[in-house]
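So this one's work_15.csv, CSV, C-alpha atoms:
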chain,number,residue,atom,x,y,z
A,1,MET,CA,177.4,48.6,86.4
A,2,SER,CA,176.7,48.5,82.6
A,3,LEU,CA,175.8,51.8,80.8
A,4,LYS,CA,172.3,50.6,80.1
A,5,ARG,CA,171.6,49.7,83.7
A,6,ALA,CA,173.2,52.9,84.9
A,7,LEU,CA,171.0,55.0,82.6
A,8,ALA,CA,167.9,53.1,83.6
A,9,THR,CA,168.7,53.7,87.3
A,10,LEU,CA,169.2,57.4,86.6
A,11,ILE,CA,165.8,57.6,84.7
A,12,ILE,CA,164.0,55.9,87.5
A,13,TYR,CA,165.7,58.0,90.2
A,14,CYS,CA,165.0,61.2,88.2
A,15,ALA,CA,161.4,60.4,87.8
A,16,THR,CA,160.8,59.7,91.5
A,17,ALA,CA,163.1,62.3,93.1
A,18,ASN,CA,162.1,65.3,90.9
A,19,ILE,CA,165.7,66.3,90.5
A,20,ALA,CA,166.0,70.0,89.5
A,21,ILE,CA,168.6,70.8,86.9
A,22,ALA,CA,169.4,74.5,86.3
A,23,GLN,CA,170.2,74.4,82.6
A,24,TYR,CA,169.6,72.1,79.7
A,25,ILE,CA,172.7,70.3,78.7
A,26,PRO,CA,172.8,68.2,75.4
A,27,VAL,CA,172.9,64.5,76.2
A,28,PRO,CA,175.4,62.2,74.4
A,29,VAL,CA,173.6,60.0,71.9
A,30,ARG,CA,174.1,56.3,72.6
A,31,ASP,CA,174.9,53.9,69.8
A,32,ASN,CA,171.9,51.7,70.5
A,33,ALA,CA,169.4,54.5,70.9
A,34,TYR,CA,166.8,55.5,68.4
A,35,ASN,CA,167.4,59.0,66.9
A,36,ILE,CA,165.3,61.2,64.8
A,37,ASN,CA,165.9,64.7,63.4
A,38,LEU,CA,163.0,67.1,63.1
A,39,LEU,CA,162.9,70.5,61.3
A,40,PHE,CA,160.3,73.2,61.9
A,41,ALA,CA,160.2,76.2,59.5
A,42,GLY,CA,158.2,79.4,59.6
A,43,ASP,CA,155.4,80.9,57.6
A,44,ILE,CA,155.4,79.9,53.9
A,45,MET,CA,153.6,82.8,52.3
A,46,GLN,CA,152.8,83.9,48.7
A,47,HIS,CA,152.2,87.6,48.1
A,48,GLU,CA,151.3,89.3,44.8
A,49,THR,CA,154.9,90.2,44.0
A,50,GLN,CA,155.9,86.6,44.4
A,51,LEU,CA,153.3,85.6,41.9
A,52,LYS,CA,154.5,88.2,39.4
A,53,GLU,CA,158.2,87.1,39.7
A,54,ALA,CA,157.3,83.4,39.5
A,55,ARG,CA,155.3,83.8,36.3
A,56,THR,CA,157.0,82.2,33.2
A,57,ALA,CA,156.8,83.1,29.6
A,58,ASN,CA,154.2,80.4,28.9
A,59,GLY,CA,151.9,81.6,31.7
A,60,THR,CA,152.7,79.0,34.3
A,61,TYR,CA,154.4,79.7,37.7
A,62,SER,CA,157.7,78.4,39.0
A,63,PHE,CA,158.8,78.7,42.7
A,64,SER,CA,161.3,75.8,42.9
A,65,ASP,CA,164.4,78.1,42.9
A,66,ASN,CA,163.2,79.8,46.1
A,67,TYR,CA,164.5,76.9,48.2
A,68,ARG,CA,167.7,76.0,46.3
A,69,TYR,CA,170.1,77.2,49.1
A,70,ILE,CA,168.3,75.6,52.0
A,71,LYS,CA,166.9,72.5,50.3
A,72,LYS,CA,169.8,70.5,51.7
A,73,ASP,CA,169.0,71.5,55.3
A,74,ILE,CA,165.3,70.7,54.8
A,75,GLY,CA,166.0,67.4,53.1
A,76,ALA,CA,168.4,66.3,55.9
A,77,ALA,CA,165.6,66.1,58.4
A,78,ASP,CA,163.8,62.9,59.0
A,79,ILE,CA,160.6,64.9,59.2
A,80,ALA,CA,160.4,68.5,58.1
A,81,ILE,CA,157.4,70.6,59.0
A,82,GLY,CA,156.3,74.0,57.7
A,83,ASN,CA,153.3,76.3,58.0
A,84,LEU,CA,151.5,76.7,54.7
A,85,GLU,CA,150.0,80.1,55.0
A,86,THR,CA,148.1,80.2,51.8
A,87,PRO,CA,145.4,77.8,50.3
A,88,ILE,CA,146.2,76.2,47.0
A,89,GLY,CA,143.7,76.9,44.2
A,90,LYS,CA,142.9,76.1,40.6
A,91,SER,CA,142.5,79.7,39.6
A,92,GLY,CA,142.1,83.2,41.0
A,93,PHE,CA,145.6,83.4,42.4
A,94,SER,CA,146.3,86.3,44.6
A,95,GLY,CA,148.3,87.7,47.5
A,96,TYR,CA,147.4,89.6,50.7
A,97,PRO,CA,144.8,90.1,52.1
A,98,SER,CA,143.2,87.0,50.5
A,99,PHE,CA,145.8,84.5,49.6
A,100,CYS,CA,145.6,81.8,46.9
A,101,ALA,CA,148.6,80.1,45.3
A,102,PRO,CA,148.9,77.8,42.3
A,103,ASP,CA,149.7,74.1,42.5
A,104,SER,CA,153.4,74.8,41.7
A,105,PHE,CA,153.7,76.7,45.0
A,106,LEU,CA,153.0,73.5,46.8
A,107,TYR,CA,155.2,71.5,44.4
A,108,ALA,CA,158.1,73.7,45.3
A,109,ALA,CA,157.6,73.3,49.1
A,110,THR,CA,157.3,69.5,48.9
A,111,GLY,CA,160.1,69.3,46.4
A,112,ALA,CA,162.3,71.2,48.8
A,113,GLY,CA,161.7,68.4,51.4
A,114,PHE,CA,158.8,69.3,53.5
A,115,ASP,CA,157.0,66.2,54.8
A,116,VAL,CA,154.2,67.8,56.8
A,117,LEU,CA,152.4,71.1,56.1
A,118,LEU,CA,150.4,72.8,58.8
A,119,LEU,CA,147.0,74.2,57.6
A,120,ALA,CA,145.4,75.7,60.7
A,121,ASN,CA,146.2,79.4,60.3
A,122,ASN,CA,144.2,82.6,59.8
A,123,HIS,CA,144.5,82.5,56.0
A,124,CYS,CA,143.4,78.9,55.5
A,125,LEU,CA,139.8,79.9,54.4
A,126,ASP,CA,140.8,82.9,52.3
A,127,LYS,CA,139.1,81.6,49.1
A,128,GLY,CA,136.5,79.5,50.7
A,129,LYS,CA,135.5,75.8,50.7
A,130,PRO,CA,136.5,74.8,47.1
A,131,THR,CA,140.0,76.1,47.6
A,132,ILE,CA,140.6,74.4,50.9
A,133,LEU,CA,139.3,71.2,49.5
A,134,HIS,CA,141.6,71.5,46.5
A,135,THR,CA,144.5,72.1,48.9
A,136,ILE,CA,143.8,68.9,50.8
A,137,GLU,CA,143.3,67.0,47.5
A,138,MET,CA,146.7,68.2,46.3
A,139,MET,CA,148.3,67.1,49.6
A,140,ASP,CA,146.8,63.6,49.3
A,141,SER,CA,147.9,63.3,45.6
A,142,LEU,CA,151.5,64.2,46.6
A,143,GLY,CA,151.6,61.9,49.6
A,144,VAL,CA,152.3,64.9,51.9
A,145,GLU,CA,150.9,64.9,55.4
A,146,TYR,CA,148.8,67.8,56.6
A,147,CYS,CA,147.4,68.8,60.0
A,148,GLY,CA,144.9,71.2,61.4
A,149,VAL,CA,142.2,71.4,58.6
A,150,TYR,CA,139.9,68.6,57.5
A,151,ARG,CA,137.2,67.9,54.9
A,152,ASN,CA,134.7,66.9,57.7
A,153,SER,CA,134.5,65.7,61.3
A,154,LYS,CA,134.9,62.0,60.2
A,155,GLU,CA,138.2,62.7,58.5
A,156,ARG,CA,139.4,64.6,61.6
A,157,GLU,CA,138.5,61.7,63.8
A,158,GLU,CA,140.4,59.3,61.6
A,159,ARG,CA,143.5,61.5,61.0
A,160,TYR,CA,143.9,63.6,64.1
A,161,PRO,CA,146.2,63.8,66.0
A,162,LEU,CA,148.6,63.2,63.2
A,163,ILE,CA,150.8,60.3,64.0
A,164,LEU,CA,154.3,60.3,62.6
A,165,GLU,CA,156.7,57.4,63.1
A,166,LYS,CA,160.2,57.2,62.0
A,167,ARG,CA,163.3,55.3,63.2
A,168,GLY,CA,161.5,53.9,66.2
A,169,VAL,CA,160.2,57.2,67.4
A,170,ARG,CA,156.5,57.9,67.5
A,171,ILE,CA,155.2,61.5,67.4
A,172,ALA,CA,151.7,62.9,67.9
A,173,LEU,CA,151.4,66.2,66.1
A,174,LEU,CA,148.7,68.8,67.0
A,175,ASN,CA,147.9,72.1,65.1
A,176,TYR,CA,145.6,75.0,66.1
A,177,THR,CA,144.9,78.6,65.0
A,178,TYR,CA,143.6,81.6,67.0
A,179,GLY,CA,141.1,82.3,64.1
A,180,THR,CA,140.3,82.5,60.4
A,181,ASN,CA,140.3,86.3,59.9
A,182,GLY,CA,136.6,86.4,60.7
A,183,ARG,CA,135.6,84.0,58.0
A,184,GLU,CA,132.9,81.5,59.0
A,185,ILE,CA,134.0,77.9,58.7
A,186,PRO,CA,131.9,76.4,55.9
A,187,SER,CA,130.2,73.0,56.7
A,188,PRO,CA,131.4,70.3,56.8
A,189,ILE,CA,135.0,71.7,56.8
A,190,VAL,CA,136.7,71.5,60.2
A,191,VAL,CA,139.4,74.0,61.2
A,192,ASN,CA,141.2,73.4,64.5
A,193,LEU,CA,140.7,76.5,66.6
A,194,ILE,CA,142.4,77.3,69.9
A,195,ASP,CA,139.9,76.1,72.5
A,196,LYS,CA,141.1,74.6,75.7
A,197,GLU,CA,138.1,72.3,76.1
A,198,VAL,CA,138.6,70.8,72.6
A,199,MET,CA,142.4,70.7,73.0
A,200,ALA,CA,142.3,68.9,76.3
A,201,LYS,CA,140.3,66.1,74.7
A,202,ASP,CA,142.7,66.0,71.7
A,203,ILE,CA,145.7,65.7,74.1
A,204,LEU,CA,144.0,62.8,75.9
A,205,LYS,CA,143.4,61.1,72.6
A,206,ALA,CA,147.0,61.7,71.6
A,207,LYS,CA,148.2,60.1,74.9
A,208,SER,CA,146.0,57.0,74.2
A,209,LEU,CA,147.8,56.5,70.9
A,210,ASN,CA,151.0,55.8,72.9
A,211,PRO,CA,153.4,58.4,71.3
A,212,ASP,CA,156.9,59.0,72.5
A,213,VAL,CA,156.3,62.7,72.3
A,214,ILE,CA,153.4,65.1,71.7
A,215,ILE,CA,154.1,68.3,69.7
A,216,ALA,CA,151.7,71.2,69.4
A,217,CYS,CA,152.1,73.7,66.6
A,218,MET,CA,150.3,76.9,67.4
A,219,HIS,CA,149.2,79.8,65.2
A,220,TRP,CA,149.0,82.5,67.8
A,221,GLY,CA,150.3,85.8,69.2
A,222,ASP,CA,150.7,89.3,68.0
A,223,GLU,CA,152.1,90.2,64.6
A,224,TYR,CA,155.4,92.1,64.3
A,225,VAL,CA,156.1,91.8,68.0
A,226,SER,CA,159.4,90.2,69.1
A,227,LEU,CA,158.2,89.0,72.5
A,228,PRO,CA,155.2,86.8,73.2
A,229,PRO,CA,152.2,88.4,75.0
A,230,ALA,CA,151.1,87.1,78.4
A,231,ARG,CA,148.2,85.1,76.9
A,232,VAL,CA,150.6,83.1,74.7
A,233,LYS,CA,152.9,82.4,77.6
A,234,GLU,CA,149.9,81.2,79.6
A,235,MET,CA,148.8,79.0,76.7
A,236,ALA,CA,152.2,77.4,76.5
A,237,ASP,CA,152.2,76.7,80.2
A,238,TRP,CA,148.8,75.2,79.9
A,239,LEU,CA,149.8,72.9,77.0
A,240,LEU,CA,152.8,71.6,78.9
A,241,ALA,CA,150.7,71.1,82.0
A,242,GLN,CA,148.3,68.9,79.9
A,243,GLY,CA,151.1,66.7,78.8
A,244,VAL,CA,152.4,68.3,75.5
A,245,ASP,CA,156.1,67.8,75.3
A,246,HIS,CA,157.1,70.6,72.8
A,247,VAL,CA,155.4,73.7,71.5
A,248,ILE,CA,156.2,75.4,68.2
A,249,GLY,CA,154.6,78.7,67.4
A,250,ASN,CA,154.1,80.8,64.3
A,251,HIS,CA,152.0,83.8,63.0
A,252,PRO,CA,153.8,86.9,64.3
A,253,HIS,CA,156.0,87.1,61.1
A,254,VAL,CA,159.0,87.9,63.3
A,255,ILE,CA,161.3,85.6,65.3
A,256,GLN,CA,160.5,85.2,69.0
A,257,PRO,CA,162.6,83.4,71.7
A,258,ILE,CA,163.2,79.7,72.3
A,259,GLU,CA,163.0,78.1,75.7
A,260,MET,CA,164.2,74.8,77.1
A,261,ARG,CA,162.2,74.3,80.3
A,262,TYR,CA,163.0,71.5,82.8
A,263,ASN,CA,160.0,69.5,83.8
A,264,GLU,CA,160.7,68.1,87.2
A,265,LYS,CA,157.6,66.0,87.3
A,266,ARG,CA,158.5,64.2,84.1
A,267,CYS,CA,162.3,64.5,84.4
A,268,LYS,CA,162.7,65.9,80.9
A,269,TYR,CA,163.0,69.1,79.0
A,270,ASN,CA,160.2,70.7,77.2
A,271,THR,CA,160.8,73.0,74.2
A,272,VAL,CA,158.8,76.2,73.6
A,273,VAL,CA,159.5,78.1,70.3
A,274,TYR,CA,157.2,81.2,70.4
A,275,SER,CA,157.6,82.1,66.7
A,276,THR,CA,159.7,80.9,63.8
A,277,GLY,CA,159.1,84.0,61.7
A,278,ASN,CA,158.8,83.9,57.9
A,279,ILE,CA,160.6,81.5,55.7
A,280,LEU,CA,159.1,82.7,52.5
A,281,SER,CA,157.2,86.0,51.9
A,282,ASN,CA,157.3,89.4,50.4
A,283,MET,CA,157.4,91.2,53.7
A,284,SER,CA,160.2,93.8,54.0
A,285,LEU,CA,159.7,95.6,57.3
A,286,ARG,CA,162.4,95.3,59.8
A,287,LYS,CA,162.6,91.8,61.3
A,288,THR,CA,160.0,90.4,58.9
A,289,ASP,CA,162.4,89.6,56.1
A,290,GLY,CA,163.6,86.3,57.6
A,291,GLY,CA,162.9,83.6,60.0
A,292,VAL,CA,164.5,80.7,61.8
A,293,MET,CA,164.5,77.0,61.1
A,294,ILE,CA,164.5,74.8,64.2
A,295,LYS,CA,166.5,71.6,64.2
A,296,MET,CA,165.5,69.2,67.0
A,297,LYS,CA,167.1,65.9,67.6
A,298,LEU,CA,165.0,63.4,69.6
A,299,THR,CA,166.7,60.4,71.1
A,300,LYS,CA,164.8,57.4,72.5
A,301,TYR,CA,166.7,55.2,74.9
A,302,LEU,CA,165.1,52.6,77.1
A,303,ASN,CA,161.6,54.0,76.3
A,304,HIS,CA,162.7,57.4,77.5
A,305,THR,CA,162.6,60.0,74.7
A,306,TYR,CA,164.3,63.3,75.2
A,307,VAL,CA,165.8,66.3,73.2
A,308,SER,CA,169.4,65.5,72.7
A,309,ALA,CA,170.2,68.6,70.6
A,310,LEU,CA,168.3,71.8,69.8
A,311,ARG,CA,169.7,74.2,67.2
A,312,TYR,CA,168.5,77.0,65.0
A,313,MET,CA,169.5,78.5,61.6
A,314,PHE,CA,168.5,82.0,60.5
A,315,THR,CA,167.1,82.4,56.9
A,316,TRP,CA,166.6,85.6,55.0
A,317,ILE,CA,165.2,87.0,51.8
A,318,ALA,CA,167.0,89.8,50.0
A,319,PRO,CA,165.3,93.2,49.4
A,320,LYS,CA,164.5,94.7,46.0
A,321,MET,CA,167.3,95.0,43.4
A,322,SER,CA,168.2,98.2,41.7
A,323,ASN,CA,165.7,97.4,38.8
A,324,GLY,CA,162.9,97.2,41.3
A,325,ARG,CA,162.5,93.5,41.2
A,326,ARG,CA,162.8,91.1,44.1
A,327,ASP,CA,164.3,87.6,44.1
A,328,PHE,CA,162.6,85.3,46.5
A,329,THR,CA,165.4,83.0,47.0
A,330,ILE,CA,165.7,81.9,50.7
A,331,TYR,CA,169.3,82.5,51.9
A,332,PRO,CA,171.2,81.0,54.9
A,333,ALA,CA,171.5,84.4,56.7
A,334,ALA,CA,174.6,83.9,58.7
A,335,THR,CA,176.8,82.7,55.7
A,336,THR,CA,175.6,84.8,52.8
A,337,GLU,CA,178.1,87.3,51.5
A,338,ILE,CA,176.7,90.3,49.6
A,339,THR,CA,178.5,92.4,47.1
A,340,GLY,CA,177.3,95.2,44.8
A,341,ASN,CA,174.5,96.5,47.0
A,342,SER,CA,175.3,98.2,50.3
A,343,ASN,CA,171.5,98.5,51.1
A,344,ALA,CA,171.0,94.8,50.9
A,345,LYS,CA,174.2,94.1,53.0
A,346,ASN,CA,173.0,96.5,55.7
A,347,LYS,CA,169.6,94.9,55.8
A,348,LEU,CA,171.1,91.5,56.2
A,349,GLU,CA,173.4,92.7,59.0
A,350,LEU,CA,170.5,94.4,60.7
A,351,PHE,CA,168.3,91.2,60.5
A,352,LEU,CA,171.1,89.1,62.0
A,353,ASP,CA,171.9,91.7,64.7
A,354,ASP,CA,168.3,92.0,65.7
A,355,SER,CA,167.8,88.3,65.8
A,356,ARG,CA,171.0,87.4,67.7
A,357,LYS,CA,170.4,90.1,70.3
A,358,LEU,CA,166.9,88.8,70.8
A,359,MET,CA,168.0,85.2,71.2
A,360,GLU,CA,171.0,86.0,73.4
A,361,LYS,CA,168.8,88.0,75.8
A,362,HIS,CA,165.6,86.0,75.9
A,363,ASN,CA,166.4,82.3,75.0
A,364,LYS,CA,166.5,79.9,77.9
A,365,GLY,CA,168.6,76.8,78.1
A,366,HIS,CA,171.3,75.5,75.8
A,367,VAL,CA,170.1,76.3,72.3
A,368,LYS,CA,172.8,76.8,69.7
A,369,GLU,CA,172.8,78.8,66.4
A,370,ILE,CA,174.1,76.8,63.4
A,371,ARG,CA,175.1,78.0,60.0
A,372,GLY,CA,174.3,76.7,56.5
A,373,ASP,CA,176.6,76.5,53.5
A,374,SER,CA,178.1,79.8,52.4
A,375,VAL,CA,176.4,81.6,49.5
A,376,LYS,CA,177.7,84.6,47.5
A,377,LEU,CA,175.0,87.1,46.5
A,378,THR,CA,175.9,89.7,43.9
A,379,PHE,CA,173.3,92.4,42.9

What's the structure tokens form of this structure?
Amino acid sequence: MSLKRALATLIIYCATANIAIAQYIPVPVRDNAYNINLLFAGDIMQHETQLKEARTANGTYSFSDNYRYIKKDIGAADIAIGNLETPIGKSGFSGYPSFCAPDSFLYAATGAGFDVLLLANNHCLDKGKPTILHTIEMMDSLGVEYCGVYRNSKEREERYPLILEKRGVRIALLNYTYGTNGREIPSPIVVNLIDKEVMAKDILKAKSLNPDVIIACMHWGDEYVSLPPARVKEMADWLLAQGVDHVIGNHPHVIQPIEMRYNEKRCKYNTVVYSTGNILSNMSLRKTDGGVMIKMKLTKYLNHTYVSALRYMFTWIAPKMSNGRRDFTIYPAATTEITGNSNAKNKLELFLDDSRKLMEKHNKGHVKEIRGDSVKLTF
């Protein structure tokens, strides 16, 4: 029997027999399959100190160096997706509690290789209607896809779910937030809120667009807590039951576990990432000084699309230097060597120790840590 016929028989048998497999095992990628590499990063934030450090002598702001050590990893993905947790404004730049970043903050993220930026988060309306409109205008001008916030209901109808197609694989991307920090959504702006009735309709619409996979990116959960609460687990269960294939979460500002769940009914694995943590911020509390980049390989073979590899890479931002300043370079945590500052070295080791213990204890399925290029950091 040929390989193609054998795999086709296996897929048909699996779909009808509801075979239960105890653990996710990466599937070899066939030469004639369609393959696509996705990357999901955590919260991209801009606090006041980041503004101060990014300000140049001529009064402009430069953030491009922040990504220099992970730019290669982001750019290697066919589609890289991040959560932009600050609106982009023309003026009035500020950090927490009401974020607003200059255009150059967006230039840095897109220049690093992000193809899609998620906008549905609790800070999206921090500076009101003019700023969210400017954010969307900037995205359009740069040719960057966005998801979760729209100028009006007509635009949402036309552009949502976001359809991404690359290398023969078609993806429907969804994005929702638990709220907007109590700010009323100004008409006619539309912000995707977590609402089962609305989401069920969106998922049905996504299915009608004939995607190979549906991915929901959720802004949810409790801040600074390493394990998801019951309501988040219930929502993940509900999304998968509705037909979503993979769920990627953010907002807690700390890393939370990753699960590969076997779906007997559909004979495939579903991915649930509860929180990717922070990729860029000025947070320094334990566990908030880093995040995780998720690398997911999707393979499409005989119209059957599955996760053929799921990996993650820890990222980290160093603490303040002896002069009181903080460099907001994002480092590959596992391969960064620190000399000249025992405090920074201890903080990096603590972040890695906390993160690995969490993953080892609570991850489900075959999910592998990977490492970026080595970096030497001297204070």

From A:Ala120, A:Val272, A:Met218, A:Leu162, residue lying nearest Ile185 in chain A [all atoms listed in the file]
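The answer is A:Ala120, which sits nearest to Ile185 in chain A.
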
CA of Lys345 in chain A to CA of Ala318 in chain A: how many Å, to one decimal?
8.9 Å

If you measure from CA of Gly277 in chain A to CA of Lys368 in chain A, what distance in Å do you get, rounded to one decimal?
17.4 Å

Quick one, how far is CA of Pro186 in chain A from CA of Tyr96 in chain A?
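We find that CA of Pro186 in chain A and CA of Tyr96 in chain A lie 21.0 Å from each other.
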
All residues 7 Å or closer to Tyr274 in chain A, all atoms listed in the file, same chain fewer than 2 positions away omitted, as a PyMOL selection string:
chain A and resi 228+248-250+256-258+272

Produce a table with one row for each residue of range 292-312 of chain A that has an atom at most 12 Å from any atom of range 188-211 of chain A, each row naming the nearest atom pair and its distance in Å at one decimal; use only C-alpha atoms; arrange rows by chain and rising residue number; format as a Markdown table.
| residue | atom | partner | partner_atom | distance |
| --- | --- | --- | --- | --- |
| A:Lys300 | CA | A:Pro211 | CA | 11.5 |
| A:Asn303 | CA | A:Pro211 | CA | 10.6 |
| A:His304 | CA | A:Pro211 | CA | 11.2 |
| A:Thr305 | CA | A:Pro211 | CA | 9.9 |

Name the residues in contact with range 328-341 of chain A at a cut-off of 6 Å, using all atoms listed in the file, excluding same-chain residues fewer than 3 positions from it; report them as a PyMOL selection string.
chain A and resi 66-67+314-317+344-345+372+374-379
